[in-house]
$ cat final.txt   # compact mmCIF, C-alpha atoms
# COMPACT_ATOMS: atom_id res chain seq x y z
CA MET A 14 5.90 10.77 -12.96
CA ILE A 15 7.65 10.83 -16.29
CA GLY A 16 7.03 14.12 -18.07
CA ASP A 17 5.03 15.52 -15.13
CA LYS A 18 6.19 18.31 -12.88
CA HIS A 19 6.87 17.04 -9.37
CA VAL A 20 4.06 17.84 -6.92
CA ALA A 21 5.14 18.49 -3.34
CA TYR A 22 2.91 17.37 -0.49
CA LEU A 23 3.38 19.51 2.60
CA GLU A 24 -0.13 19.70 4.12
CA PRO A 25 -3.22 17.49 4.11
CA THR A 26 -6.07 18.37 1.80
CA GLN A 27 -9.67 18.62 2.98
CA GLU A 28 -10.38 15.40 1.10
CA SER A 29 -7.49 13.48 2.70
CA GLY A 30 -8.44 14.81 6.15
CA ARG A 31 -12.05 13.76 5.69
CA SER A 32 -10.96 10.32 4.47
CA PHE A 33 -8.70 9.93 7.52
CA LEU A 34 -11.56 10.76 9.90
CA GLU A 35 -13.99 8.51 8.03
CA ARG A 36 -11.72 5.50 8.61
CA GLY A 37 -13.21 5.36 12.10
CA ILE A 38 -9.92 4.40 13.73
CA SER A 39 -10.29 3.38 17.36
CA GLY A 40 -7.27 3.18 19.60
CA SER A 41 -3.80 4.44 18.89
CA VAL A 42 -2.54 5.61 15.52
CA VAL A 43 1.08 5.78 14.35
CA MET A 44 1.95 8.39 11.76
CA LEU A 45 4.68 7.41 9.30
CA ASN A 46 6.40 10.60 8.14
CA LEU A 47 8.69 10.55 5.10
CA LEU A 48 10.68 13.79 4.89
CA ARG A 49 12.72 15.38 2.11
CA PHE A 50 14.54 18.52 3.22
CA ARG A 51 15.31 21.63 1.22
CA ASP A 52 18.99 22.46 0.83
CA ILE A 53 18.26 25.90 2.30
CA ALA A 54 15.12 26.50 4.39
CA ASP A 55 12.53 28.76 2.76
CA TYR A 56 10.95 31.09 5.30
CA SER A 57 9.26 33.33 2.71
CA ALA A 58 5.79 32.36 4.02
CA THR A 59 6.76 32.97 7.69
CA PRO A 60 9.56 35.56 7.81
CA HIS A 61 8.88 36.23 11.51
CA LEU A 62 10.19 32.69 12.26
CA ALA A 63 13.30 32.97 10.07
CA PRO A 64 16.68 32.81 11.79
CA GLN A 65 19.12 35.72 11.27
CA GLU A 66 21.22 33.69 8.82
CA PRO A 67 20.07 31.11 6.24
CA ILE A 68 19.93 27.54 7.56
CA SER A 69 19.47 24.14 5.98
CA GLY A 70 16.11 22.44 5.72
CA ALA A 71 17.33 19.82 8.20
CA ALA A 72 18.22 22.57 10.71
CA ALA A 73 14.79 24.17 10.22
CA TYR A 74 13.16 20.79 10.88
CA GLN A 75 15.14 20.53 14.12
CA LEU A 76 13.62 23.88 15.13
CA TYR A 77 10.19 22.47 14.27
CA ILE A 78 10.80 19.36 16.40
CA ARG A 79 12.06 21.45 19.32
CA HIS A 80 8.91 23.60 19.11
CA THR A 81 6.60 20.59 18.64
CA LEU A 82 7.77 18.15 21.33
CA PRO A 83 6.18 19.86 24.36
CA HIS A 84 2.81 20.08 22.57
CA LEU A 85 3.08 16.49 21.34
CA LYS A 86 3.86 15.18 24.83
CA ARG A 87 1.02 17.18 26.42
CA SER A 88 -1.39 15.62 23.93
CA GLY A 89 -0.26 12.10 24.87
CA GLY A 90 1.83 11.62 21.73
CA GLU A 91 5.42 10.53 21.35
CA ILE A 92 8.09 10.15 18.71
CA ILE A 93 8.89 6.44 18.64
CA PHE A 94 11.44 6.56 15.82
CA LEU A 95 13.40 9.22 13.96
CA GLY A 96 16.10 8.13 11.55
CA LYS A 97 18.13 9.12 8.54
CA GLY A 98 16.81 7.93 5.19
CA GLY A 99 18.26 7.70 1.69
CA SER A 100 17.42 5.89 -1.52
CA PHE A 101 15.02 2.96 -1.61
CA LEU A 102 16.20 -0.63 -1.55
CA ILE A 103 12.84 -1.51 -3.14
CA GLY A 104 11.21 1.39 -4.92
CA PRO A 105 11.93 4.08 -7.49
CA SER A 106 15.70 4.44 -7.92
CA GLY A 107 15.55 8.21 -8.27
CA GLU A 108 13.41 8.78 -5.19
CA ARG A 109 15.00 9.56 -1.83
CA TRP A 110 13.75 10.51 1.59
CA ASP A 111 16.16 12.25 3.96
CA ALA A 112 14.44 11.08 7.13
CA ALA A 113 11.64 8.89 8.40
CA MET A 114 9.75 9.42 11.63
CA LEU A 115 7.10 7.44 13.49
CA VAL A 116 4.83 9.39 15.84
CA ARG A 117 2.32 7.58 18.04
CA GLN A 118 -0.86 9.24 19.26
CA SER A 119 -3.21 7.51 21.66
CA SER A 120 -6.25 8.29 19.48
CA VAL A 121 -7.39 10.14 16.39
CA ARG A 122 -9.18 12.60 18.69
CA ASP A 123 -5.90 13.34 20.51
CA PHE A 124 -4.08 13.68 17.19
CA MET A 125 -6.67 16.16 15.90
CA ALA A 126 -6.53 18.16 19.15
CA PHE A 127 -2.72 18.28 18.86
CA ALA A 128 -2.77 19.20 15.15
CA SER A 129 -5.25 22.04 15.71
CA ASN A 130 -3.58 23.48 18.84
CA ARG A 131 -2.84 27.16 18.14
CA GLU A 132 0.42 27.17 20.11
CA TYR A 133 1.65 24.16 18.12
CA MET A 134 0.50 25.67 14.83
CA ALA A 135 2.48 28.86 15.56
CA GLY A 136 5.67 26.86 14.83
CA MET A 137 4.44 25.07 11.69
CA GLY A 138 6.34 27.61 9.57
CA HIS A 139 9.57 25.83 10.52
CA ARG A 140 8.19 22.58 9.03
CA VAL A 141 7.04 24.26 5.81
CA ALA A 142 10.37 26.10 5.50
CA ALA A 143 12.28 22.86 6.05
CA LEU A 144 10.54 20.51 3.65
CA GLU A 145 10.82 20.11 -0.08
CA ASP A 146 8.33 17.23 0.07
CA SER A 147 6.76 14.88 2.58
CA ARG A 148 4.36 11.99 3.06
CA LEU A 149 2.20 11.23 6.09
CA LEU A 150 0.66 7.78 6.35
CA PRO A 151 -1.56 6.90 9.32
CA LEU A 152 -0.86 3.33 10.46
CA VAL A 153 -3.14 1.21 12.62
CA GLU A 154 -2.40 -2.17 14.13
CA ASP A 155 -4.63 -4.84 12.74
CA GLU A 156 -5.61 -8.40 13.50
CA LEU A 157 -3.48 -9.38 10.51
CA ALA A 158 -0.46 -8.53 12.63
CA ASP A 159 -1.28 -11.61 14.73
CA ILE A 160 -0.84 -13.79 11.65
CA PHE A 161 2.65 -12.40 10.99
CA THR A 162 3.86 -12.46 14.60
CA GLY A 163 2.04 -15.59 15.76
CA LYS A 164 1.41 -13.74 19.03
CA PRO A 165 -1.77 -12.35 20.48
CA GLN A 166 -2.06 -8.57 20.41
CA HIS A 167 -1.36 -8.14 24.14
CA VAL A 168 2.21 -9.55 23.90
CA ARG A 169 3.49 -7.88 20.72
CA PRO A 170 7.03 -6.77 21.51
CA TRP A 171 6.68 -3.41 19.71
CA ARG A 172 3.41 -2.40 21.32
CA ARG A 173 3.47 -0.29 24.45
CA GLN A 174 2.01 -2.26 27.34
CA PRO A 175 -0.78 -0.71 29.43
CA ALA A 176 0.33 0.74 32.76

$ encode --input "final.txt" --output "structure tokens"
Amino acid sequence: MIGDKHVAYLEPTQESGRSFLERGISGSVVMLNLLRFRDIADYSATPHLAPQEPISGAAAYQLYIRHTLPHLKRSGGEIIFLGKGGSFLIGPSGERWDAAMLVRQSSVRDFMAFASNREYMAGMGHRVAALEDSRLLPLVEDELADIFTGKPQHVRPWRRQPA
């Protein structure tokens, strides 16, 4: 983006939401979250959620996770990975992501029910306050995965086995 002002992505657009639904995903979906935290959380949009003293974006995101986990679990979702990021090994040298997270939902319908839950949404201000920028990429297992692993879908080591 040489010469362009950086655009932050904190929420889906109507167009991206429609495109996501039109994919017609059946089965589980894993959301890849790339997260860049603010140095100091910005609660100007949701002052009622702001802590007494200023906190870091990372600390605000911890508040968001603490608020979100019960709603995520009730919807059948789970965090399957949360880790510290940094600069790319392959990618733009000036671009960094502070954290990456993988969240699995059993279906798009369950994800949409979770994402539109009013109790969950009441804590979204922590996420917005925390983040300088983010990316959310829905991932779906595909038959191509069989080519790379050489294993049929039902024995993939990373896939949760049916109970």

$ closest_residue --input "final.txt" --among "A:Phe50, A:Tyr133, A:Phe101, A:Phe124" --to "A:Gly89" --atoms "all atoms listed in the file"
A:Phe124

$ closest_atom_pairs --input "final.txt" --of "stretch 92-160 of chain A" --to "stretch 38-47 of chain A" --cutoff "8 Å" --atoms "all atoms listed in the file" --output "CSV"
residue,atom,partner,partner_atom,distance
A:Trp110,CA,A:Leu47,CA,6.2
A:Asp111,CA,A:Leu47,CA,7.7
A:Ala112,CA,A:Leu47,CA,6.1
A:Ala113,CA,A:Leu47,CA,4.7
A:Met114,CA,A:Asn46,CA,5.0
A:Leu115,CA,A:Leu45,CA,4.8
A:Val116,CA,A:Met44,CA,5.1
A:Arg117,CA,A:Val43,CA,4.3
A:Gln118,CA,A:Val42,CA,5.5
A:Ser119,CA,A:Ser41,CA,4.2
A:Ser120,CA,A:Ser41,CA,4.6
A:Val121,CA,A:Val42,CA,6.7
A:Ser147,CA,A:Leu47,CA,5.4
A:Arg148,CA,A:Leu47,CA,5.0
A:Leu149,CA,A:Asn46,CA,4.7
A:Leu150,CA,A:Leu45,CA,5.0
A:Pro151,CA,A:Met44,CA,4.5
A:Leu152,CA,A:Val43,CA,5.0
A:Val153,CA,A:Val42,CA,5.3
A:Glu154,CA,A:Val42,CA,7.9

$ atom_distance --input "final.txt" --atom1 "atom CA of A:Arg51" --atom2 "atom CA of A:Gln65"
17.7 Å

$ atom_distance --input "final.txt" --atom1 "atom CA of A:Glu28" --atom2 "atom CA of A:Ser100"
29.5 Å

$ residues_around --input "final.txt" --residues "A:Asn130" --least-positions-apart "4" --cutoff "10 Å" --atoms "all atoms listed in the file" --output "mmCIF file with C-alpha atoms, in the coordinates of the input"
data_model
loop_
_atom_site.group_PDB
_atom_site.id
_atom_site.type_symbol
_atom_site.label_atom_id
_atom_site.label_comp_id
_atom_site.auth_asym_id
_atom_site.auth_seq_id
_atom_site.Cartn_x
_atom_site.Cartn_y
_atom_site.Cartn_z
ATOM 1 C CA HIS A 84 2.810 20.080 22.570
ATOM 2 C CA LEU A 85 3.080 16.490 21.340
ATOM 3 C CA SER A 88 -1.390 15.620 23.930
ATOM 4 C CA PHE A 124 -4.080 13.680 17.190
ATOM 5 C CA MET A 125 -6.670 16.160 15.900
ATOM 6 C CA ALA A 126 -6.530 18.160 19.150
ATOM 7 C CA MET A 134 0.500 25.670 14.830
ATOM 8 C CA ALA A 135 2.480 28.860 15.560
#

$ atom_distance --input "final.txt" --atom1 "atom CA of A:Pro67" --atom2 "atom CA of A:Asp52"
10.3 Å

$ axis_aligned_box --input "final.txt" --around "stretch 127-143 of chain A" --padding-each-side "5 Å" --output "JSON"
{"center_x": 3.5, "center_y": 23.6, "center_z": 12.8, "size_x": 27.5, "size_y": 20.6, "size_z": 24.6}

$ closest_residue --input "final.txt" --among "A:Val20, A:Leu48, A:His139, A:Ile78" --to "A:Pro64" --atoms "only C-alpha atoms"
A:His139

$ closest_residue --input "final.txt" --among "A:Glu66, A:Glu24, A:Glu132, A:Asp155" --to "A:His80" --atoms "only C-alpha atoms"
A:Glu132
